[in-house]
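One file, target20.cif, carrying mmCIF, C-alpha atoms and all ligand atoms:
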```cif
data_model
loop_
_atom_site.label_atom_id
_atom_site.label_comp_id
_atom_site.auth_asym_id
_atom_site.auth_seq_id
_atom_site.Cartn_x
_atom_site.Cartn_y
_atom_site.Cartn_z
CA MET A 1 0.00 0.00 0.00
CA SER A 2 1.32 3.49 -0.88
CA ILE A 3 0.91 7.06 0.27
CA LEU A 4 0.32 9.47 -2.61
CA VAL A 5 2.08 12.80 -1.94
CA THR A 6 0.88 15.62 -4.18
CA GLY A 7 3.43 18.39 -4.67
CA GLY A 8 5.97 15.88 -3.39
CA ALA A 9 9.07 17.79 -4.59
CA GLY A 10 8.18 20.82 -2.45
CA TYR A 11 9.82 22.03 0.75
CA ILE A 12 7.55 20.48 3.39
CA ALA A 13 6.64 17.50 1.20
CA SER A 14 10.26 16.46 0.59
CA HIS A 15 10.97 16.53 4.33
CA THR A 16 7.79 14.53 4.95
CA LEU A 17 8.88 11.97 2.34
CA VAL A 18 12.20 11.45 4.16
CA ASN A 19 10.32 10.90 7.43
CA LEU A 20 7.82 8.46 5.90
CA LEU A 21 10.41 6.45 3.94
CA GLU A 22 12.62 6.16 7.02
CA LYS A 23 9.59 4.66 8.79
CA GLY A 24 9.32 2.02 6.06
CA GLU A 25 6.32 3.59 4.35
CA SER A 26 5.97 3.41 0.57
CA ALA A 27 5.31 6.69 -1.25
CA VAL A 28 4.44 7.85 -4.74
CA VAL A 29 4.64 11.49 -5.88
CA ILE A 30 2.83 13.73 -8.33
CA ASP A 31 4.38 17.13 -9.03
CA ASN A 32 4.37 19.48 -12.03
CA TYR A 33 7.61 21.09 -10.82
CA ASP A 34 5.91 24.46 -11.29
CA ASN A 35 7.41 25.69 -8.02
CA SER A 36 9.83 22.87 -7.14
CA SER A 37 12.66 20.80 -8.58
CA PRO A 38 12.98 17.06 -9.34
CA GLU A 39 16.43 17.42 -7.78
CA ALA A 40 14.71 17.47 -4.38
CA LEU A 41 13.33 13.97 -5.04
CA ARG A 42 16.73 12.74 -6.20
CA ARG A 43 18.18 13.93 -2.91
CA VAL A 44 15.37 12.31 -0.88
CA LYS A 45 16.28 9.00 -2.57
CA GLN A 46 19.98 9.66 -1.84
CA LEU A 47 19.22 10.44 1.82
CA THR A 48 16.97 7.45 2.45
CA GLY A 49 18.27 4.90 -0.06
CA LYS A 50 14.64 4.30 -0.92
CA GLU A 51 12.98 4.43 -4.32
CA ILE A 52 10.14 6.90 -4.97
CA LYS A 53 7.95 6.62 -8.04
CA ALA A 54 7.33 10.17 -9.30
CA TYR A 55 4.76 11.22 -11.90
CA GLU A 56 5.27 14.60 -13.55
CA GLY A 57 1.81 16.09 -13.83
CA ASP A 58 -0.82 18.41 -12.44
CA ALA A 59 -2.79 17.61 -9.30
CA CYS A 60 -5.84 19.05 -11.10
CA ASP A 61 -5.66 16.16 -13.61
CA GLU A 62 -8.25 13.78 -12.18
CA GLU A 63 -7.62 11.03 -14.76
CA LEU A 64 -3.91 11.03 -13.96
CA LEU A 65 -4.70 10.88 -10.24
CA VAL A 66 -6.97 7.85 -10.85
CA ARG A 67 -4.23 6.15 -12.87
CA ILE A 68 -1.66 6.76 -10.14
CA MET A 69 -4.01 5.41 -7.45
CA HIS A 70 -4.70 2.26 -9.46
CA GLU A 71 -1.07 1.67 -10.49
CA ASN A 72 0.28 2.06 -6.95
CA ALA A 73 -2.38 0.62 -4.62
CA VAL A 74 -2.69 4.03 -2.95
CA GLU A 75 -4.13 3.80 0.58
CA SER A 76 -3.84 7.44 1.67
CA VAL A 77 -3.03 10.87 0.29
CA ILE A 78 -1.10 13.84 1.63
CA HIS A 79 -2.17 16.88 -0.39
CA PHE A 80 0.53 19.54 -0.50
CA ALA A 81 0.16 20.71 -4.11
CA GLY A 82 -0.99 24.31 -4.41
CA HIS A 83 0.13 27.88 -4.94
CA LYS A 84 1.24 29.46 -1.66
CA ALA A 85 2.48 33.02 -2.10
CA VAL A 86 0.23 35.37 -0.13
CA GLY A 87 1.23 38.47 -2.09
CA GLU A 88 0.80 36.79 -5.48
CA SER A 89 -2.64 35.54 -4.43
CA VAL A 90 -3.75 39.15 -4.00
CA GLN A 91 -2.49 40.05 -7.49
CA LYS A 92 -3.79 36.87 -9.18
CA PRO A 93 -6.79 35.60 -7.16
CA LEU A 94 -8.35 33.57 -10.00
CA LYS A 95 -5.10 31.64 -10.53
CA TYR A 96 -5.16 30.73 -6.84
CA TYR A 97 -8.85 29.83 -6.62
CA ARG A 98 -8.73 27.75 -9.80
CA ASN A 99 -5.56 25.84 -8.96
CA ASN A 100 -5.93 25.39 -5.21
CA LEU A 101 -9.62 24.46 -5.25
CA ASP A 102 -9.68 22.46 -8.49
CA SER A 103 -6.77 20.28 -7.33
CA THR A 104 -8.60 19.40 -4.11
CA ILE A 105 -11.89 18.69 -5.91
CA SER A 106 -10.09 16.57 -8.53
CA LEU A 107 -8.28 14.68 -5.79
CA LEU A 108 -11.43 13.98 -3.75
CA SER A 109 -13.22 12.82 -6.91
CA ALA A 110 -10.36 10.51 -7.85
CA MET A 111 -10.26 9.14 -4.28
CA LYS A 112 -14.02 8.41 -4.48
CA ARG A 113 -13.57 6.58 -7.79
CA CYS A 114 -10.69 4.50 -6.39
CA GLY A 115 -12.01 3.78 -2.92
CA VAL A 116 -9.23 5.79 -1.22
CA THR A 117 -10.58 7.14 2.07
CA GLN A 118 -7.64 8.73 3.97
CA LEU A 119 -6.59 12.32 3.29
CA ILE A 120 -4.13 14.62 5.07
CA PHE A 121 -4.57 18.22 3.90
CA SER A 122 -1.91 20.93 4.07
CA SER A 123 -3.83 23.78 5.66
CA SER A 124 -2.51 26.88 7.39
CA ALA A 125 -2.82 29.06 10.47
CA THR A 126 -3.75 31.80 8.05
CA VAL A 127 -7.36 30.53 8.25
CA TYR A 128 -7.75 31.90 11.80
CA TYR A 129 -9.69 35.13 12.26
CA PRO A 130 -6.88 37.69 12.53
CA GLU A 131 -8.35 39.85 15.29
CA ASP A 132 -8.79 36.98 17.74
CA GLU A 133 -6.59 36.58 20.78
CA VAL A 134 -3.64 34.19 20.49
CA PRO A 135 -2.93 31.33 21.02
CA PHE A 136 -5.09 30.06 18.18
CA ARG A 137 -7.16 26.96 19.01
CA GLU A 138 -8.84 24.72 16.45
CA ASP A 139 -12.38 25.59 17.64
CA MET A 140 -11.85 29.35 17.21
CA ARG A 141 -13.57 31.24 14.43
CA LEU A 142 -12.06 31.35 10.98
CA GLY A 143 -11.69 34.24 8.59
CA CYS A 144 -9.03 35.26 6.06
CA ILE A 145 -7.55 38.45 4.67
CA ASN A 146 -6.11 37.22 1.38
CA PRO A 147 -7.11 34.84 -1.43
CA TYR A 148 -4.39 32.35 -0.46
CA GLY A 149 -5.86 32.05 3.03
CA TRP A 150 -9.40 31.81 1.61
CA THR A 151 -8.34 28.88 -0.60
CA LYS A 152 -7.19 27.03 2.53
CA PHE A 153 -10.45 27.93 4.29
CA MET A 154 -12.55 26.82 1.30
CA ASN A 155 -10.58 23.60 0.86
CA GLU A 156 -11.23 22.75 4.50
CA GLN A 157 -14.95 23.28 3.87
CA ILE A 158 -14.90 21.23 0.65
CA ILE A 159 -13.24 18.36 2.52
CA ARG A 160 -15.72 18.61 5.42
CA ASP A 161 -18.68 18.49 3.03
CA ALA A 162 -17.18 15.56 1.12
CA ALA A 163 -16.77 13.70 4.43
CA LYS A 164 -20.38 14.46 5.41
CA ALA A 165 -21.51 12.84 2.15
CA ASP A 166 -19.11 9.89 2.56
CA PRO A 167 -18.77 8.69 6.16
CA ASP A 168 -15.92 6.37 5.15
CA LEU A 169 -13.61 9.36 4.60
CA SER A 170 -10.98 10.06 7.23
CA CYS A 171 -9.41 13.52 6.85
CA VAL A 172 -6.90 15.49 8.92
CA LEU A 173 -6.60 19.21 8.20
CA LEU A 174 -3.13 20.21 9.39
CA ARG A 175 -2.91 23.94 10.16
CA TYR A 176 0.77 24.82 9.89
CA PHE A 177 2.16 27.82 11.69
CA ASN A 178 5.55 28.98 10.37
CA PRO A 179 7.68 26.14 8.97
CA VAL A 180 11.41 26.96 8.86
CA GLY A 181 14.80 25.22 8.81
CA ALA A 182 15.95 22.15 6.91
CA HIS A 183 16.95 18.51 7.26
CA PRO A 184 20.23 18.42 9.33
CA SER A 185 22.06 16.83 6.38
CA GLY A 186 21.76 20.10 4.45
CA MET A 187 20.76 18.10 1.37
CA ILE A 188 17.15 19.31 1.20
CA GLY A 189 15.66 22.64 2.25
CA GLU A 190 13.54 25.64 1.36
CA ASP A 191 14.20 26.90 -2.16
CA PRO A 192 11.81 29.79 -2.89
CA SER A 193 11.72 31.04 -6.49
CA GLY A 194 12.55 34.74 -6.83
CA ILE A 195 12.68 37.11 -3.88
CA PRO A 196 11.66 35.24 -0.71
CA ASN A 197 8.39 36.35 0.88
CA ASN A 198 9.14 34.65 4.16
CA LEU A 199 11.51 35.67 6.94
CA MET A 200 13.84 32.69 7.32
CA PRO A 201 14.78 32.24 3.65
CA TYR A 202 15.33 36.00 3.43
CA ILE A 203 17.66 35.91 6.45
CA CYS A 204 19.54 32.94 4.96
CA GLN A 205 19.91 34.61 1.55
CA THR A 206 21.15 37.79 3.24
CA ALA A 207 23.67 35.80 5.30
CA VAL A 208 24.98 34.01 2.19
CA GLY A 209 25.29 37.31 0.29
CA LEU A 210 22.44 36.87 -2.19
CA ARG A 211 20.58 39.82 -0.62
CA ASP A 212 22.19 43.04 0.64
CA HIS A 213 20.09 43.28 3.79
CA LEU A 214 16.89 42.18 5.49
CA THR A 215 14.08 44.71 5.89
CA ILE A 216 12.23 44.16 9.14
CA PHE A 217 8.60 45.03 8.41
CA GLY A 218 7.77 47.30 11.29
CA ASN A 219 8.95 47.56 14.91
CA ASP A 220 5.86 49.21 16.38
CA TYR A 221 3.75 46.09 16.91
CA ASN A 222 2.25 45.30 20.29
CA THR A 223 4.95 42.74 21.13
CA HIS A 224 7.90 42.48 23.54
CA ASP A 225 10.30 44.21 21.14
CA GLY A 226 7.88 45.78 18.64
CA THR A 227 8.59 43.31 15.83
CA GLY A 228 6.10 40.66 14.68
CA VAL A 229 5.79 37.47 16.71
CA ARG A 230 5.26 34.08 15.04
CA ASP A 231 5.22 30.39 15.94
CA TYR A 232 8.27 29.06 14.08
CA LEU A 233 8.30 25.30 13.65
CA HIS A 234 11.22 23.14 12.46
CA VAL A 235 10.26 21.51 9.16
CA CYS A 236 11.42 18.12 10.50
CA ASP A 237 8.95 18.44 13.40
CA LEU A 238 6.31 19.33 10.83
CA ALA A 239 7.23 16.25 8.78
CA GLU A 240 6.82 14.07 11.88
CA GLY A 241 3.39 15.63 12.40
CA HIS A 242 2.34 14.40 8.95
CA ALA A 243 3.48 10.86 9.70
CA CYS A 244 1.46 10.95 12.94
CA ALA A 245 -1.58 12.22 11.00
CA VAL A 246 -1.27 9.40 8.44
CA ARG A 247 -1.24 6.89 11.28
CA TYR A 248 -4.22 8.58 12.97
CA ALA A 249 -6.27 8.57 9.75
CA ARG A 250 -5.80 4.79 9.43
CA SER A 251 -7.82 4.20 12.59
CA HIS A 252 -10.35 7.04 12.62
CA LYS A 253 -13.21 8.34 10.44
CA GLY A 254 -14.43 11.89 10.01
CA VAL A 255 -12.56 15.21 9.85
CA GLU A 256 -10.20 16.78 12.40
CA ALA A 257 -8.49 20.17 12.11
CA ILE A 258 -5.19 20.10 14.03
CA ASN A 259 -2.62 22.84 14.67
CA LEU A 260 1.02 22.05 14.04
CA GLY A 261 3.02 24.63 15.97
CA THR A 262 5.27 24.84 19.01
CA GLY A 263 2.92 27.07 21.02
CA VAL A 264 5.83 29.50 21.52
CA GLY A 265 6.06 32.86 19.75
CA TYR A 266 9.35 34.45 18.72
CA SER A 267 9.79 37.93 17.25
CA VAL A 268 11.62 38.85 14.07
CA LEU A 269 14.47 40.26 16.16
CA ASP A 270 14.53 37.09 18.29
CA MET A 271 15.01 35.11 15.07
CA VAL A 272 17.65 37.45 13.64
CA ASN A 273 19.62 37.47 16.89
CA ALA A 274 19.38 33.69 17.33
CA PHE A 275 20.51 33.17 13.74
CA GLN A 276 23.56 35.45 14.15
CA LYS A 277 24.51 33.85 17.46
CA VAL A 278 24.12 30.21 16.45
CA ASN A 279 25.88 30.58 13.12
CA ASN A 280 28.33 33.31 14.14
CA ILE A 281 27.45 35.26 10.99
CA PRO A 282 26.12 38.83 10.73
CA VAL A 283 22.75 39.58 9.19
CA LYS A 284 22.47 43.19 8.09
CA TYR A 285 18.98 44.60 8.57
CA VAL A 286 17.04 47.85 8.43
CA ILE A 287 13.69 48.66 9.96
CA GLY A 288 11.06 49.39 7.29
CA PRO A 289 7.33 50.03 7.25
CA ARG A 290 4.80 47.40 8.26
CA ARG A 291 3.74 44.88 5.60
CA PRO A 292 -0.02 45.20 4.94
CA GLY A 293 -1.99 42.35 6.49
CA ASP A 294 0.65 41.31 9.04
CA LEU A 295 -0.57 40.46 12.54
CA ASP A 296 1.17 41.57 15.72
CA ALA A 297 1.35 37.98 16.90
CA SER A 298 0.35 34.49 15.76
CA TYR A 299 1.07 31.27 17.63
CA ALA A 300 -0.63 27.95 18.25
CA ASP A 301 -2.32 26.14 21.07
CA PRO A 302 -0.71 22.79 20.16
CA SER A 303 -2.52 20.68 22.77
CA LYS A 304 -4.90 18.93 20.35
CA ALA A 305 -1.98 17.57 18.27
CA GLU A 306 -0.47 16.12 21.42
CA ARG A 307 -3.80 14.68 22.56
CA LEU A 308 -4.94 13.16 19.26
CA LEU A 309 -1.68 12.50 17.38
CA GLY A 310 0.77 12.07 20.24
CA TRP A 311 2.83 14.77 18.48
CA LYS A 312 4.81 17.61 20.04
CA ALA A 313 7.52 19.78 18.47
CA THR A 314 10.97 19.01 19.92
CA ARG A 315 13.44 21.17 17.97
CA THR A 316 14.53 24.59 19.23
CA LEU A 317 14.84 27.99 17.57
CA GLU A 318 18.59 27.39 17.56
CA ASP A 319 18.10 24.09 15.72
CA MET A 320 15.95 25.91 13.14
CA CYS A 321 18.63 28.58 12.62
CA ARG A 322 21.50 26.10 12.46
CA ASP A 323 19.79 23.73 10.05
CA GLY A 324 18.42 26.54 7.88
CA TRP A 325 21.90 28.04 7.51
CA ASN A 326 23.51 24.62 6.91
CA TRP A 327 21.19 24.08 3.93
CA GLN A 328 21.65 27.62 2.56
CA SER A 329 25.43 27.67 2.95
CA LYS A 330 25.77 24.30 1.20
CA ASN A 331 23.26 25.25 -1.52
CA PRO A 332 23.65 29.01 -2.14
CA LYS A 333 21.45 28.75 -5.22
CA GLY A 334 19.07 26.15 -3.83
CA TYR A 335 18.54 23.17 -6.16
CA ARG A 336 19.56 25.11 -9.29
C1 LIG A 401 7.09 36.28 9.50
C2 LIG A 401 7.44 37.58 10.22
C3 LIG A 401 6.90 39.55 8.96
C4 LIG A 401 9.84 38.85 5.78
C5 LIG A 401 3.19 33.45 5.89
C6 LIG A 401 1.87 33.03 5.36
C7 LIG A 401 1.42 31.77 6.03
C8 LIG A 401 2.49 30.71 5.89
C9 LIG A 401 3.81 31.21 6.44
C10 LIG A 401 1.97 29.28 4.04
C11 LIG A 401 6.36 38.65 10.07
C12 LIG A 401 8.40 39.44 9.16
C13 LIG A 401 9.06 38.70 6.91
C14 LIG A 401 10.75 39.92 5.67
C15 LIG A 401 10.08 40.66 7.85
N1 LIG A 401 2.65 30.32 4.55
N2 LIG A 401 9.18 39.61 7.93
N3 LIG A 401 10.83 40.80 6.72
O1 LIG A 401 3.55 36.21 7.19
O2 LIG A 401 3.71 34.88 9.36
O3 LIG A 401 3.07 33.72 7.26
O4 LIG A 401 4.14 32.42 5.71
O5 LIG A 401 1.15 28.60 4.59
O6 LIG A 401 0.25 31.32 5.42
O7 LIG A 401 0.93 34.04 5.68
O8 LIG A 401 5.41 34.52 7.57
O9 LIG A 401 7.83 34.58 7.14
O10 LIG A 401 6.30 36.07 5.75
O11 LIG A 401 6.72 36.62 8.15
O12 LIG A 401 10.18 41.46 8.79
O13 LIG A 401 11.48 40.11 4.65
O14 LIG A 401 8.62 38.12 9.63
O15 LIG A 401 6.46 40.90 9.11
O16 LIG A 401 6.31 39.37 11.29
P1 LIG A 401 3.90 34.95 7.89
P2 LIG A 401 6.61 35.44 7.06
#
```
Please re-express this file's structure in structure tokens.
Ligand code: WQD
Amino acid sequence: MSILVTGGAGYIASHTLVNLLEKGESAVVIDNYDNSSPEALRRVKQLTGKEIKAYEGDACDEELLVRIMHENAVESVIHFAGHKAVGESVQKPLKYYRNNLDSTISLLSAMKRCGVTQLIFSSSATVYYPEDEVPFREDMRLGCINPYGWTKFMNEQIIRDAAKADPDLSCVLLRYFNPVGAHPSGMIGEDPSGIPNNLMPYICQTAVGLRDHLTIFGNDYNTHDGTGVRDYLHVCDLAEGHACAVRYARSHKGVEAINLGTGVGYSVLDMVNAFQKVNNIPVKYVIGPRRPGDLDASYADPSKAERLLGWKATRTLEDMCRDGWNWQSKNPKGYR
């Protein structure tokens, strides 16, 4: 029996593949390499010594999904494939709604046709109503401020409605907080195309000399040092959370939304200072204006993941900074 991983060559997916293969699971990948590189899969095979069957194609292609499920005795699916740049989603909302919703609908339809009933969905903390008090808990109200976030919200609803119509479905909606870092080998990591939107890759690219300096988006937030506070989570802890969710879905029915976060918030300056200290490398930064849409603080209540999945993040901010830099310094141009 195999686990189908859509978007399998991506950052979180490749780390999840390493975790699953090391546990003896069998995995098959579909990826159109639109925002990823087949090199990532080659390195996953190198790291684990395990084979991965990869299909180059679009997760919106229902017939291809059906063929993959039949050819590989797929038992469960982890659905990562989707566009994920918040800023781009504001500029190109239709591209995001079409791709991110159509891929989920195509996948659920293919699963129905093939009798596949277990789905782990890559959701995001961005679905939480921004004005609500942190820490965010799974039963709190939802509401988004950009099309990317709305596609996660709508996909959660689509999956819930599909599960209402088909009680055999077992779905886990994993709400990621801020994934950062890389596998300690430095062989796989985050490889954003173009100018990074997110903090950690921007810090790493500044440290390696690809960027002149980091701009800290505002230092007048209602936080301990005025800079934005987030729940940074090591990508290897996140990968472990997916393996726990796959195991949970094998013995449960219905739909559960579950936060994957540490429950601890760190500021931008906390991250910059930790990065400089751990790696003994300067990161030049300037303070700039706030980025529209940014919250003062966002961090998880992670208790449900511990209760239901037996999962808890173990890696520290220092681990995240060390492993993120190890990847970047060994791969200054990512997979290219
Ligand atoms: C973190 C902090 C910025 C860049 C986004 C998505 C979310 C998820 C993770 C996919 C904030 C500050 C950042 C920079 C900065 N993605 N910052 N200078 O915005 O919390 O979440 O990525 O699921 O859905 O919304 O992450 O890394 O962009 O920002 O000062 O160059 O770093 O203001 O306080 P964010 P981020």
Which residues are close to Thr16 in chain A, i.e. within 10 Å by all atoms listed in the file, leaving aside same-chain residues fewer than 3 positions away? Reply as a PyMOL selection string.
chain A and resi 5+8+10-13+19-22+44+78+235-243
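In terms of minimum interatomic distance to Ala162 in chain A, A:Val255 ranks closest within A:Ala182, A:Ile195, A:Met1, A:Val255, counting all atoms listed in the file.
Of the residues under consideration (A:Asp319, A:Ala313, A:Val246, A:Gly254), A:Asp319 shows the shortest atom-to-atom contact distance to Asn279 in chain A when counting all atoms listed in the file.
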Given a cut-off of 8 Å, what residues near ligand LIG 401 (chain A) show up using only C-alpha atoms and all ligand atoms, put as a short mmCIF file (atom, residue, chain, number, x, y, z; two decimals) with C-alpha atoms, in the frame of the given file?
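Contents of the output file pocket-v9.cif:
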```
data_model
loop_
_atom_site.label_atom_id
_atom_site.label_comp_id
_atom_site.auth_asym_id
_atom_site.auth_seq_id
_atom_site.Cartn_x
_atom_site.Cartn_y
_atom_site.Cartn_z
CA LYS A 84 1.24 29.46 -1.66
CA ALA A 85 2.48 33.02 -2.10
CA VAL A 86 0.23 35.37 -0.13
CA SER A 123 -3.83 23.78 5.66
CA SER A 124 -2.51 26.88 7.39
CA ALA A 125 -2.82 29.06 10.47
CA THR A 126 -3.75 31.80 8.05
CA TYR A 148 -4.39 32.35 -0.46
CA GLY A 149 -5.86 32.05 3.03
CA TYR A 176 0.77 24.82 9.89
CA PHE A 177 2.16 27.82 11.69
CA ASN A 178 5.55 28.98 10.37
CA PRO A 179 7.68 26.14 8.97
CA PRO A 196 11.66 35.24 -0.71
CA ASN A 197 8.39 36.35 0.88
CA ASN A 198 9.14 34.65 4.16
CA LEU A 199 11.51 35.67 6.94
CA MET A 200 13.84 32.69 7.32
CA TYR A 202 15.33 36.00 3.43
CA ILE A 203 17.66 35.91 6.45
CA LEU A 214 16.89 42.18 5.49
CA THR A 215 14.08 44.71 5.89
CA ILE A 216 12.23 44.16 9.14
CA PHE A 217 8.60 45.03 8.41
CA GLY A 218 7.77 47.30 11.29
CA THR A 227 8.59 43.31 15.83
CA GLY A 228 6.10 40.66 14.68
CA VAL A 229 5.79 37.47 16.71
CA ARG A 230 5.26 34.08 15.04
CA SER A 267 9.79 37.93 17.25
CA VAL A 268 11.62 38.85 14.07
CA ARG A 290 4.80 47.40 8.26
CA ARG A 291 3.74 44.88 5.60
CA ASP A 294 0.65 41.31 9.04
CA LEU A 295 -0.57 40.46 12.54
CA ASP A 296 1.17 41.57 15.72
CA ALA A 297 1.35 37.98 16.90
CA SER A 298 0.35 34.49 15.76
#
```
May I ask which of the residues A:His234, A:His213, A:Lys284, A:His79 is the closest one to Lys152 in chain A, counting only C-alpha atoms?
A:His79
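Restricting the calculation to only C-alpha atoms, the smallest distance between Ala27 in chain A and any of A:Met187, A:Arg315, A:Leu4, A:Thr206 is found for A:Leu4.
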note - CA of Gly143 in chain A and CA of Glu156 in chain A are separated by 12.2 Å
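The coordinates place CA of Asn326 in chain A at 8.9 Å from CA of Gly181 in chain A.
Relative to CA of Val172 in chain A, CA of Ile120 in chain A is found at 4.8 Å.
Nearest residue to Val28 in chain A, choosing from A:Lys45, A:Ile68, A:Glu133, A:Gly209 and counting all atoms listed in the file: A:Ile68.
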Might you pull out every residue within 8 Å of range 331-334 of chain A, with all atoms listed in the file counted and same-chain residues fewer than 3 positions away left off, and present them as number ranges by chain?
A: 189-191, 205, 208, 210, 327-328
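Between Gly293 in chain A and the residues A:Ile158, A:Leu94, A:Ile145, A:Ala40, the shortest atom-to-atom distance, using all atoms listed in the file, involves A:Ile145.
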For Arg113 in chain A, list every protein, DNA or RNA residue within 12 Å, evaluated using only C-alpha atoms, and leave out those in the same chain fewer than 2 positions away; present the list as a PyMOL selection string.
chain A and resi 62-63+65-67+69-70+106-111+115-117
For range 13-19 of chain A, take all atoms listed in the file, fit an axis-aligned box around them, add 3 Å to each of the six sides, then output centre and edge lengths in Å rounded to one decimal, as AutoDock Vina command-line options.
```
--center_x 9.4 --center_y 14.2 --center_z 4.0 --size_x 11.6 --size_y 12.6 --size_z 12.8
```
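At a cut-off of 7 Å from (-4.9, 7.0, 7.3), the residue set is Ser76, Gln118, Leu119, Ser170, Val246, Arg247, Tyr248, Ala249, Arg250 and Ser251 of chain A (counting all atoms listed in the file).
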Got a sec to check which residues sit within 9 Å of (6.6, 39.8, 24.1), counting only C-alpha atoms, and write them as a ChimeraX atom specification?
/A:222-226,229,265-267
Neighbour list for Gly263 in chain A as a PDB file with C-alpha atoms, keeping the file's coordinate frame, cut-off 8 Å, all atoms listed in the file, skip fewer than 6 positions in-chain:
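As a result, around-v4.pdb now contains:
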```pdb
ATOM      1  CA  PRO A 135      -2.930  31.330  21.020  1.00  0.00           C
ATOM      2  CA  ASP A 231       5.220  30.390  15.940  1.00  0.00           C
ATOM      3  CA  TYR A 299       1.070  31.270  17.630  1.00  0.00           C
ATOM      4  CA  ALA A 300      -0.630  27.950  18.250  1.00  0.00           C
ATOM      5  CA  ASP A 301      -2.320  26.140  21.070  1.00  0.00           C
ATOM      6  CA  PRO A 302      -0.710  22.790  20.160  1.00  0.00           C
TER       7      PRO A 302
END
```
All residues 10 Å or closer to Leu317 in chain A, only C-alpha atoms, same chain fewer than 2 positions away omitted, as a compact mmCIF listing (two decimals) with C-alpha atoms, in the frame of the given file:
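This is the output file part00.txt:
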```txt
# COMPACT_ATOMS: atom_id res chain seq x y z
CA VAL A 180 11.41 26.96 8.86
CA GLY A 181 14.80 25.22 8.81
CA TYR A 232 8.27 29.06 14.08
CA LEU A 233 8.30 25.30 13.65
CA HIS A 234 11.22 23.14 12.46
CA VAL A 264 5.83 29.50 21.52
CA TYR A 266 9.35 34.45 18.72
CA ASP A 270 14.53 37.09 18.29
CA MET A 271 15.01 35.11 15.07
CA ALA A 274 19.38 33.69 17.33
CA PHE A 275 20.51 33.17 13.74
CA VAL A 278 24.12 30.21 16.45
CA ARG A 315 13.44 21.17 17.97
CA ASP A 319 18.10 24.09 15.72
CA MET A 320 15.95 25.91 13.14
CA CYS A 321 18.63 28.58 12.62
CA ARG A 322 21.50 26.10 12.46
CA ASP A 323 19.79 23.73 10.05
```
